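Undergrad: Dropping in target-v8.csv, with CSV, C-alpha atoms.
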```csv
chain,number,residue,atom,x,y,z
A,232,MET,CA,212.1,143.0,-25.6
A,233,TRP,CA,210.6,140.9,-28.4
A,234,PHE,CA,213.9,139.0,-29.0
A,235,THR,CA,214.0,137.8,-25.4
A,236,THR,CA,210.4,136.8,-25.6
A,237,PHE,CA,211.0,134.9,-28.8
A,238,CYS,CA,214.0,133.0,-27.3
A,239,GLU,CA,212.0,132.2,-24.2
A,240,TRP,CA,209.0,130.9,-26.3
A,241,LEU,CA,211.3,128.9,-28.6
A,242,SER,CA,213.2,127.2,-25.8
A,243,GLU,CA,209.9,126.1,-24.2
A,244,THR,CA,208.6,124.5,-27.3
A,245,GLN,CA,208.6,120.7,-27.4
A,246,PHE,CA,210.9,120.8,-30.5
A,247,SER,CA,213.6,122.7,-28.6
A,248,HIS,CA,213.2,120.5,-25.5
A,249,HIS,CA,213.7,117.5,-27.7
A,250,LEU,CA,216.8,118.8,-29.4
A,251,ARG,CA,218.3,119.7,-26.0
A,252,GLU,CA,217.4,116.6,-24.0
A,253,ALA,CA,217.5,113.7,-26.5
A,254,PRO,CA,220.8,111.8,-26.0
A,255,TYR,CA,222.0,111.8,-29.6
A,256,ASP,CA,220.4,114.8,-31.3
A,257,PHE,CA,223.0,117.4,-30.3
A,258,PRO,CA,226.1,115.2,-30.8
A,259,VAL,CA,224.9,114.1,-34.2
A,260,LEU,CA,224.1,117.7,-35.2
A,261,ILE,CA,227.6,118.9,-34.0
A,262,ILE,CA,229.3,116.1,-36.0
A,263,VAL,CA,227.4,116.8,-39.2
A,264,HIS,CA,228.0,120.6,-38.7
A,265,ILE,CA,231.8,120.2,-38.2
A,266,ILE,CA,232.3,117.7,-41.0
A,267,THR,CA,230.5,120.0,-43.4
A,268,ILE,CA,232.5,123.0,-42.2
A,269,ALA,CA,235.7,121.0,-42.9
A,270,MET,CA,234.4,120.1,-46.4
A,271,PHE,CA,233.2,123.7,-47.2
A,272,GLY,CA,236.3,125.3,-45.7
A,273,ALA,CA,238.7,123.1,-47.7
A,274,MET,CA,237.0,124.1,-51.0
A,275,VAL,CA,237.0,127.8,-49.9
A,276,ALA,CA,240.7,127.5,-49.0
A,277,ILE,CA,241.9,125.7,-52.2
A,278,GLY,CA,239.7,128.0,-54.4
A,279,ASN,CA,241.1,131.1,-52.7
A,280,LEU,CA,244.6,129.8,-52.9
A,281,ARG,CA,244.2,129.1,-56.6
A,282,VAL,CA,243.1,132.7,-57.2
A,283,LEU,CA,246.2,133.8,-55.1
A,284,GLY,CA,248.3,131.6,-57.5
A,285,ARG,CA,249.4,129.3,-54.7
A,286,ALA,CA,247.4,126.1,-55.4
A,287,MET,CA,246.6,123.9,-58.4
A,288,PRO,CA,248.1,126.3,-61.0
A,289,SER,CA,247.4,124.1,-64.0
A,290,VAL,CA,243.6,123.9,-63.3
A,291,PRO,CA,241.9,127.0,-64.8
A,292,VAL,CA,240.3,129.2,-62.1
A,293,SER,CA,236.8,129.0,-63.6
A,294,GLN,CA,237.0,125.2,-63.9
A,295,LEU,CA,238.0,124.9,-60.2
A,296,ILE,CA,235.3,127.3,-59.0
A,297,ALA,CA,232.7,125.6,-61.2
A,298,ALA,CA,233.8,122.1,-60.0
A,299,PHE,CA,233.5,123.1,-56.3
A,300,ARG,CA,230.3,125.2,-56.7
A,301,PRO,CA,227.7,122.3,-56.4
A,302,TRP,CA,229.5,120.8,-53.4
A,303,LYS,CA,229.7,124.2,-51.7
A,304,TRP,CA,225.9,124.8,-52.2
A,305,ILE,CA,225.1,121.3,-50.7
A,306,ALA,CA,227.5,122.0,-47.8
A,307,PHE,CA,225.9,125.4,-47.3
A,308,ALA,CA,222.4,124.0,-47.2
A,309,ILE,CA,223.5,121.3,-44.6
A,310,LEU,CA,225.3,124.0,-42.5
A,311,LEU,CA,222.2,126.2,-42.5
A,312,VAL,CA,219.9,123.4,-41.4
A,313,SER,CA,222.2,121.9,-38.8
A,314,GLY,CA,223.3,125.4,-37.6
A,315,THR,CA,219.7,126.5,-37.2
A,316,LEU,CA,218.8,123.3,-35.3
A,317,LEU,CA,221.8,123.7,-33.0
A,318,ALA,CA,220.8,127.3,-32.2
A,319,ALA,CA,217.2,126.2,-31.7
A,320,SER,CA,218.4,123.6,-29.2
A,321,ASP,CA,219.2,126.3,-26.7
A,322,PRO,CA,218.1,129.8,-27.7
A,323,MET,CA,218.5,131.2,-24.3
A,324,GLU,CA,222.2,130.3,-24.5
A,325,TYR,CA,223.1,131.1,-28.1
A,326,GLY,CA,220.7,134.0,-28.6
A,327,PHE,CA,222.7,135.9,-25.9
A,328,ASN,CA,226.2,134.6,-26.8
A,329,ILE,CA,228.3,137.4,-28.2
A,330,MET,CA,230.5,135.0,-30.2
A,331,PHE,CA,227.5,133.4,-31.8
A,332,TRP,CA,226.5,136.8,-33.2
A,333,ILE,CA,230.1,137.7,-34.2
A,334,SER,CA,230.3,134.4,-36.1
A,335,ASN,CA,227.0,135.0,-37.9
A,336,ALA,CA,228.2,138.6,-38.8
A,337,LEU,CA,231.5,137.2,-40.2
A,338,LEU,CA,229.5,134.6,-42.2
A,339,LEU,CA,227.4,137.4,-43.7
A,340,ILE,CA,230.5,139.5,-44.5
A,341,ALA,CA,232.2,136.5,-46.1
A,342,GLY,CA,229.0,135.9,-48.2
A,343,ILE,CA,228.9,139.5,-49.3
A,344,ASN,CA,232.6,139.4,-50.1
A,345,SER,CA,232.2,136.4,-52.4
A,346,LEU,CA,229.1,138.0,-54.1
A,347,ILE,CA,231.2,141.2,-54.8
A,348,PHE,CA,234.0,139.0,-56.2
A,349,ARG,CA,231.6,137.0,-58.4
A,350,ASN,CA,229.7,140.0,-59.8
A,351,GLY,CA,232.8,142.2,-60.1
A,352,VAL,CA,236.4,141.1,-61.0
A,353,TYR,CA,235.3,137.5,-61.7
A,354,ARG,CA,233.4,138.6,-64.8
A,355,SER,CA,236.7,139.0,-66.5
A,356,VAL,CA,237.9,135.6,-65.5
A,357,ALA,CA,238.3,134.5,-69.2
A,358,GLU,CA,241.3,136.9,-69.5
A,359,TRP,CA,243.2,135.3,-66.6
A,360,ASP,CA,241.7,131.9,-66.3
A,361,THR,CA,244.8,129.8,-67.0
A,362,SER,CA,247.3,132.3,-65.7
A,363,GLU,CA,249.1,132.0,-62.5
A,364,GLU,CA,249.3,135.8,-62.5
A,365,VAL,CA,245.8,136.7,-61.3
A,366,PRO,CA,245.0,140.4,-61.4
A,367,PRO,CA,245.6,142.1,-58.0
A,368,GLY,CA,241.9,143.0,-57.7
A,369,ALA,CA,240.9,139.4,-57.6
A,370,ARG,CA,243.8,138.4,-55.3
A,371,ARG,CA,242.7,141.0,-52.8
A,372,TRP,CA,239.2,139.5,-52.6
A,373,ALA,CA,240.6,136.0,-52.2
A,374,ALA,CA,243.0,137.1,-49.4
A,375,VAL,CA,240.1,138.8,-47.6
A,376,SER,CA,238.0,135.7,-48.0
A,377,LEU,CA,240.7,133.5,-46.6
A,378,VAL,CA,241.3,135.7,-43.6
A,379,LEU,CA,237.5,136.0,-42.9
A,380,TRP,CA,237.1,132.2,-42.9
A,381,ILE,CA,240.1,131.7,-40.6
A,382,VAL,CA,238.7,134.3,-38.1
A,383,LEU,CA,235.3,132.6,-38.5
A,384,VAL,CA,236.8,129.3,-37.3
A,385,PHE,CA,238.2,131.0,-34.2
A,386,ALA,CA,235.0,132.9,-33.5
A,387,GLY,CA,232.9,129.7,-34.1
A,388,ARG,CA,235.1,127.7,-31.7
A,389,ALA,CA,234.9,130.5,-29.1
A,390,ILE,CA,231.1,130.2,-28.9
A,391,ALA,CA,231.7,127.3,-26.5
A,392,PHE,CA,233.8,129.5,-24.3
A,393,PHE,CA,231.5,132.5,-23.8
B,1370,MET,CA,243.3,126.1,-2.2
B,1371,LEU,CA,246.7,125.3,-0.9
B,1372,HIS,CA,247.9,125.0,-4.5
B,1373,ALA,CA,246.6,128.5,-5.2
B,1374,LEU,CA,248.4,129.9,-2.1
B,1375,ILE,CA,251.7,128.3,-3.1
B,1376,LEU,CA,251.3,129.7,-6.6
B,1377,GLN,CA,250.7,133.2,-5.1
B,1378,ALA,CA,253.8,133.0,-3.0
B,1379,HIS,CA,255.9,131.3,-5.7
B,1380,PRO,CA,254.7,132.4,-9.2
B,1381,GLU,CA,257.7,130.7,-10.7
B,1382,ALA,CA,256.1,127.4,-9.7
B,1383,LEU,CA,253.6,127.8,-12.6
B,1384,PRO,CA,254.0,125.1,-15.2
B,1385,ILE,CA,256.5,126.0,-17.9
B,1386,ASN,CA,254.4,124.6,-20.7
B,1387,PRO,CA,252.2,127.6,-21.9
B,1388,ILE,CA,249.2,125.3,-22.6
B,1389,ALA,CA,249.1,124.2,-19.0
B,1390,ARG,CA,250.1,127.7,-17.7
B,1391,TRP,CA,247.4,129.9,-19.2
B,1392,GLU,CA,243.9,128.8,-19.9
B,1393,TRP,CA,243.5,130.9,-23.1
B,1394,VAL,CA,246.3,129.1,-24.9
B,1395,PHE,CA,244.4,125.9,-25.4
B,1396,PRO,CA,241.4,127.2,-27.3
B,1397,ILE,CA,243.6,129.2,-29.6
B,1398,VAL,CA,245.9,126.2,-30.4
B,1399,GLU,CA,242.7,124.1,-30.8
B,1400,ALA,CA,241.3,126.6,-33.4
B,1401,ILE,CA,244.6,126.4,-35.3
B,1402,HIS,CA,244.3,122.6,-35.1
B,1403,ILE,CA,240.8,122.9,-36.7
B,1404,CYS,CA,242.1,125.1,-39.5
B,1405,GLY,CA,244.9,122.5,-40.1
B,1406,PHE,CA,242.4,119.7,-40.2
B,1407,THR,CA,240.5,121.5,-42.8
B,1408,LEU,CA,243.6,122.0,-44.9
B,1409,LEU,CA,244.9,118.4,-44.5
B,1410,VAL,CA,241.7,116.4,-44.7
B,1411,GLY,CA,239.9,118.8,-47.0
B,1412,SER,CA,242.7,118.5,-49.6
B,1413,ILE,CA,242.6,114.7,-49.3
B,1414,VAL,CA,238.8,114.8,-49.6
B,1415,ILE,CA,239.0,116.8,-52.8
B,1416,LEU,CA,241.5,114.2,-54.2
B,1417,ASP,CA,239.2,111.3,-53.0
B,1418,LEU,CA,236.2,112.9,-54.7
B,1419,ARG,CA,238.2,113.1,-57.9
B,1420,LEU,CA,239.1,109.4,-57.6
B,1421,LEU,CA,235.4,108.7,-57.1
B,1422,GLY,CA,234.9,110.6,-60.4
B,1423,VAL,CA,232.4,113.1,-59.0
B,1424,THR,CA,234.4,116.3,-59.3
B,1425,LEU,CA,237.1,117.9,-61.7
B,1426,ARG,CA,236.6,115.1,-64.2
B,1427,GLY,CA,238.3,117.2,-66.9
B,1428,GLN,CA,241.6,117.0,-65.1
B,1429,PRO,CA,243.9,113.9,-64.9
B,1430,VAL,CA,244.0,112.3,-61.4
B,1431,SER,CA,247.8,112.5,-61.2
B,1432,ARG,CA,247.8,116.3,-61.8
B,1433,ILE,CA,245.2,116.9,-59.1
B,1434,ALA,CA,247.2,114.7,-56.7
B,1435,ARG,CA,250.5,116.5,-57.6
B,1436,GLU,CA,249.1,120.0,-57.2
B,1437,LEU,CA,247.3,119.2,-53.9
B,1438,ALA,CA,250.3,117.5,-52.4
B,1439,PRO,CA,252.0,120.7,-51.1
B,1440,TRP,CA,248.8,121.6,-49.2
B,1441,ILE,CA,248.4,118.1,-47.8
B,1442,TRP,CA,252.0,118.4,-46.5
B,1443,ALA,CA,251.3,121.8,-45.1
B,1444,GLY,CA,248.2,120.6,-43.4
B,1445,LEU,CA,250.1,117.6,-42.0
B,1446,ALA,CA,252.9,119.9,-40.7
B,1447,PHE,CA,250.2,122.0,-38.9
B,1448,GLN,CA,248.6,118.9,-37.3
B,1449,LEU,CA,251.9,117.4,-36.2
B,1450,THR,CA,252.8,120.6,-34.5
B,1451,THR,CA,249.5,121.7,-32.9
B,1452,GLY,CA,248.4,118.1,-32.0
B,1453,PRO,CA,251.4,117.2,-29.8
B,1454,PHE,CA,251.2,120.7,-28.3
B,1455,LEU,CA,247.5,120.1,-27.3
B,1456,PHE,CA,248.5,116.6,-26.0
B,1457,SER,CA,251.4,118.0,-23.9
B,1458,GLY,CA,248.9,119.9,-21.7
B,1459,ASP,CA,247.8,116.8,-19.9
B,1460,PRO,CA,249.5,113.7,-21.4
B,1461,HIS,CA,248.6,111.3,-18.6
B,1462,GLU,CA,244.9,112.1,-19.0
B,1463,TYR,CA,244.8,111.8,-22.8
B,1464,VAL,CA,246.5,108.3,-23.0
B,1465,GLN,CA,243.7,107.0,-20.7
B,1466,VAL,CA,240.9,108.4,-22.9
B,1467,ALA,CA,239.7,105.7,-25.4
B,1468,ALA,CA,238.6,108.3,-28.0
B,1469,PHE,CA,242.2,109.7,-28.0
B,1470,ARG,CA,243.7,106.2,-28.6
B,1471,ASN,CA,241.1,105.5,-31.3
B,1472,LYS,CA,241.9,108.8,-33.0
B,1473,MET,CA,245.7,108.0,-33.0
B,1474,LEU,CA,244.9,104.5,-34.4
B,1475,PHE,CA,242.7,105.9,-37.2
B,1476,PHE,CA,245.1,108.7,-37.9
B,1477,ALA,CA,247.9,106.2,-38.4
B,1478,LEU,CA,245.8,104.0,-40.6
B,1479,ALA,CA,244.5,106.9,-42.7
B,1480,LEU,CA,248.0,108.2,-43.2
B,1481,ILE,CA,249.4,104.8,-44.2
B,1482,PHE,CA,246.5,104.2,-46.5
B,1483,HIS,CA,247.0,107.6,-48.1
B,1484,PHE,CA,250.7,107.2,-48.7
B,1485,THR,CA,250.4,103.6,-50.0
B,1486,VAL,CA,247.1,102.9,-51.7
B,1487,ILE,CA,246.0,106.4,-52.6
B,1488,ARG,CA,249.5,107.2,-53.8
B,1489,ALA,CA,249.4,104.2,-56.1
B,1490,ALA,CA,246.0,105.2,-57.3
B,1491,THR,CA,247.2,108.6,-58.4
B,1492,ARG,CA,250.3,107.5,-60.5
B,1493,THR,CA,250.6,109.2,-63.8
B,1494,SER,CA,250.6,105.8,-65.6
B,1495,ALA,CA,247.1,105.1,-64.2
B,1496,ASP,CA,245.6,108.3,-65.7
B,1497,SER,CA,244.3,106.7,-68.9
B,1498,ALA,CA,242.9,103.6,-67.1
B,1499,PRO,CA,239.3,103.5,-65.9
B,1500,LEU,CA,238.8,104.4,-62.3
B,1501,GLY,CA,237.8,100.8,-61.4
B,1502,TRP,CA,239.3,99.8,-58.0
B,1503,ARG,CA,240.2,103.4,-57.2
B,1504,ARG,CA,236.6,104.3,-56.4
B,1505,PRO,CA,236.3,101.9,-53.5
B,1506,ALA,CA,239.8,102.9,-52.4
B,1507,ALA,CA,238.7,106.6,-52.2
B,1508,LEU,CA,235.7,105.5,-50.1
B,1509,VAL,CA,238.0,103.7,-47.7
B,1510,SER,CA,240.1,106.8,-47.4
B,1511,LEU,CA,237.0,109.0,-46.8
B,1512,GLY,CA,235.8,106.5,-44.1
B,1513,LEU,CA,239.2,106.5,-42.3
B,1514,TRP,CA,239.4,110.3,-42.2
B,1515,PHE,CA,235.8,110.4,-41.0
B,1516,CYS,CA,236.7,108.2,-38.1
B,1517,VAL,CA,239.7,110.4,-37.2
B,1518,LEU,CA,237.4,113.4,-37.0
B,1519,LEU,CA,234.7,111.5,-35.1
B,1520,ALA,CA,237.1,110.2,-32.5
B,1521,GLY,CA,238.7,113.6,-32.3
B,1522,LEU,CA,235.4,115.3,-31.5
B,1523,TRP,CA,234.7,112.6,-29.0
B,1524,ILE,CA,237.9,113.4,-27.0
B,1525,GLY,CA,236.2,116.6,-25.7
B,1526,ASN,CA,232.9,114.8,-25.2
B,1527,LEU,CA,231.7,116.9,-28.1
```
When written as structure tokens, how does the structure in this file appear?
TA:
Amino acid sequence: MWFTTFCEWLSETQFSHHLREAPYDFPVLIIVHIITIAMFGAMVAIGNLRVLGRAMPSVPVSQLIAAFRPWKWIAFAILLVSGTLLAASDPMEYGFNIMFWISNALLLIAGINSLIFRNGVYRSVAEWDTSEEVPPGARRWAAVSLVLWIVLVFAGRAIAFF
Amino acid sequence: MLHALILQAHPEALPINPIARWEWVFPIVEAIHICGFTLLVGSIVILDLRLLGVTLRGQPVSRIARELAPWIWAGLAFQLTTGPFLFSGDPHEYVQVAAFRNKMLFFALALIFHFTVIRAATRTSADSAPLGWRRPAALVSLGLWFCVLLAGLWIGNL
């Protein structure tokens, strides 16, 4: 199968060998990856809790989301690079790890979820920006997002156990 | 081997503590510990970034601190529950691991710093003053929490 061939080829490259065998590359990548997850996760959590009316009630929703947006993009870029490098360090392991693929699928679903939120109910944010009573439509997306990210932490941690 | 045979004959001899009894308990509690870390330290990082003047500049510092406080407390409650639970699985082993002792040291320092210096930096009366000394204080707080995470990751040899 082409995927197996690809993983075999990648794991034999000098690049992959280096990531796998150099003493500090993997630990440093893991540290960067997890710190960034904590950073990203906190902004996702507080943002969603705000939409749910449970956190930072006096900060307008749009102001909170706008303040976090650049940090989230920076974090996402770091996660993408460090995550790709971590996967490339041992493609024969991660490429065939069910939890790795479940985590990636959850990430994709969480991304689609926030895109739907942004292009849907969030367009009317001006009407409920300063209110603690956010419309149920928006709250539903925030609750789904929160649950997805929590499940993602569990699935991500489980990669090491499969 | 002998141990396994004894357990087979006397299943009641299994450890009472669930984390030592079933191997799937540890990773689940650990994942909750990671979520709690995100809540506790993430909320503090948002506050520190405000003190550095790099986010939410339109909002007074004291208000951000007041409204994040319940989530900082919630995160702390999570950590003070899941942490000792994880520790209880093998306490004799943990106390001998340098990374564990370092983590506890940095955790204590970070908490003390948060509830003294950062608390003073987020008083309502300081809102109209320039950020001044509060910027380096926020950097110290970020550094201490970074050390907690680093030592914590080191406990499991990454």
Undergrad: Could you jot down the CA of Asp360 (chain A) to CA of Leu283 (chain A) separation for me, Å, one decimal place?
TA: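 Taking CA of Asp360 (chain A) as the start and CA of Leu283 (chain A) as the end point, the length is 12.2 Å.
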Undergrad: With all atoms listed in the file counted and 6 Å as the cut-off, give the residues of chain B in contact with chain A, each with its shortest interatomic distance in Å and the pair that gives it, as a tab-separated table.
TA:
```
residue	atom	partner	partner_atom	distance
B:Ala1400	CA	A:Phe385	CA	5.4
B:Thr1407	CA	A:Ala269	CA	4.8
B:Leu1408	CA	A:Ala273	CA	5.7
B:Gly1411	CA	A:Ala273	CA	4.5
B:Thr1424	CA	A:Ala298	CA	5.9
B:Leu1425	CA	A:Ala298	CA	5.6
B:Glu1436	CA	A:Met287	CA	4.8
```
Undergrad: Print the selection's residues with C-alpha atoms to a file, as a JSON list (two decimals), keeping the file's coordinate frame.
TA:
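Okay, part-v9.json is ready:
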```json
[["chain", "number", "residue", "atom", "x", "y", "z"],
["B", 1400, "ALA", "CA", 241.30, 126.60, -33.40],
["B", 1407, "THR", "CA", 240.50, 121.50, -42.80],
["B", 1408, "LEU", "CA", 243.60, 122.00, -44.90],
["B", 1411, "GLY", "CA", 239.90, 118.80, -47.00],
["B", 1424, "THR", "CA", 234.40, 116.30, -59.30],
["B", 1425, "LEU", "CA", 237.10, 117.90, -61.70],
["B", 1436, "GLU", "CA", 249.10, 120.00, -57.20]]
```
Undergrad: Could you pull the residues within 7 Å of Ser1431 (chain B), counting all atoms listed in the file, minus those fewer than 4 positions along the same chain, as JSON, numbers by chain?
TA: {"B": [1435, 1491, 1492, 1493, 1496]}
Undergrad: Can you work out the spacing between CA of Ala357 (chain A) and CA of Gly278 (chain A) in Å, to one decimal?
TA: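 Between CA of Ala357 (chain A) and CA of Gly278 (chain A) the gap works out to 16.2 Å.
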Undergrad: Closest to Arg1470 (chain B) among B:Gly1444, B:Pro1453, B:Gly1521, B:Pro1429, using all atoms listed in the file?
TA: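 The answer is B:Gly1521, which sits nearest to Arg1470 (chain B).
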Undergrad: Need to verify the contact set: Phe327 (chain A), 12 Å, all atoms listed in the file, exclusion of same-chain residues closer than 2 positions in sequence. Can you return it as a ChimeraX atom specification?
TA: /A:234-235,238-239,318,321-325,329-333,390,393
Undergrad: Using CA of Val1464 (chain B) and CA of Phe1484 (chain B) as the two end points, give the distance in Å to one decimal.
TA: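 Computing the Euclidean distance for CA of Val1464 (chain B) and CA of Phe1484 (chain B) yields 26.1 Å.
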Undergrad: Would you kindly return, as a ChimeraX atom specification, each protein, DNA or RNA residue with an atom no farther than 10 Å from any atom of region 1384-1388 of chain B, considering only C-alpha atoms and excluding same-chain residues fewer than 5 positions away?
TA: /B:1393-1398,1454-1459
Undergrad: What's the 7 Å shell around region 342-356 of chain A, counting all atoms listed in the file, without same-chain residues fewer than 3 positions away, as number ranges by chain?
TA: A: 293, 338-339, 359-360, 368-369, 372, 376
Undergrad: Pick out the residues sitting within 12 Å of Val1466 (chain B), and hand them over as JSON, numbers by chain; count all atoms listed in the file, and ignore anything fewer than 6 positions along from it in its own chain.
TA: {"B": [1456, 1459, 1460, 1472, 1473, 1520, 1521, 1523, 1524, 1525, 1526]}
Undergrad: Which one is closest to Pro1499 (chain B): B:Leu1420, B:Ile1403, B:Ala1389, B:Val1410? Count all atoms listed in the file.
TA: B:Leu1420
Undergrad: Using all atoms listed in the file, pick whichever of B:Ile1441, B:Val1414, B:Ala1490, B:Ala1477 has the shortest atom-to-atom distance to Thr267 (chain A).
TA: B:Val1414
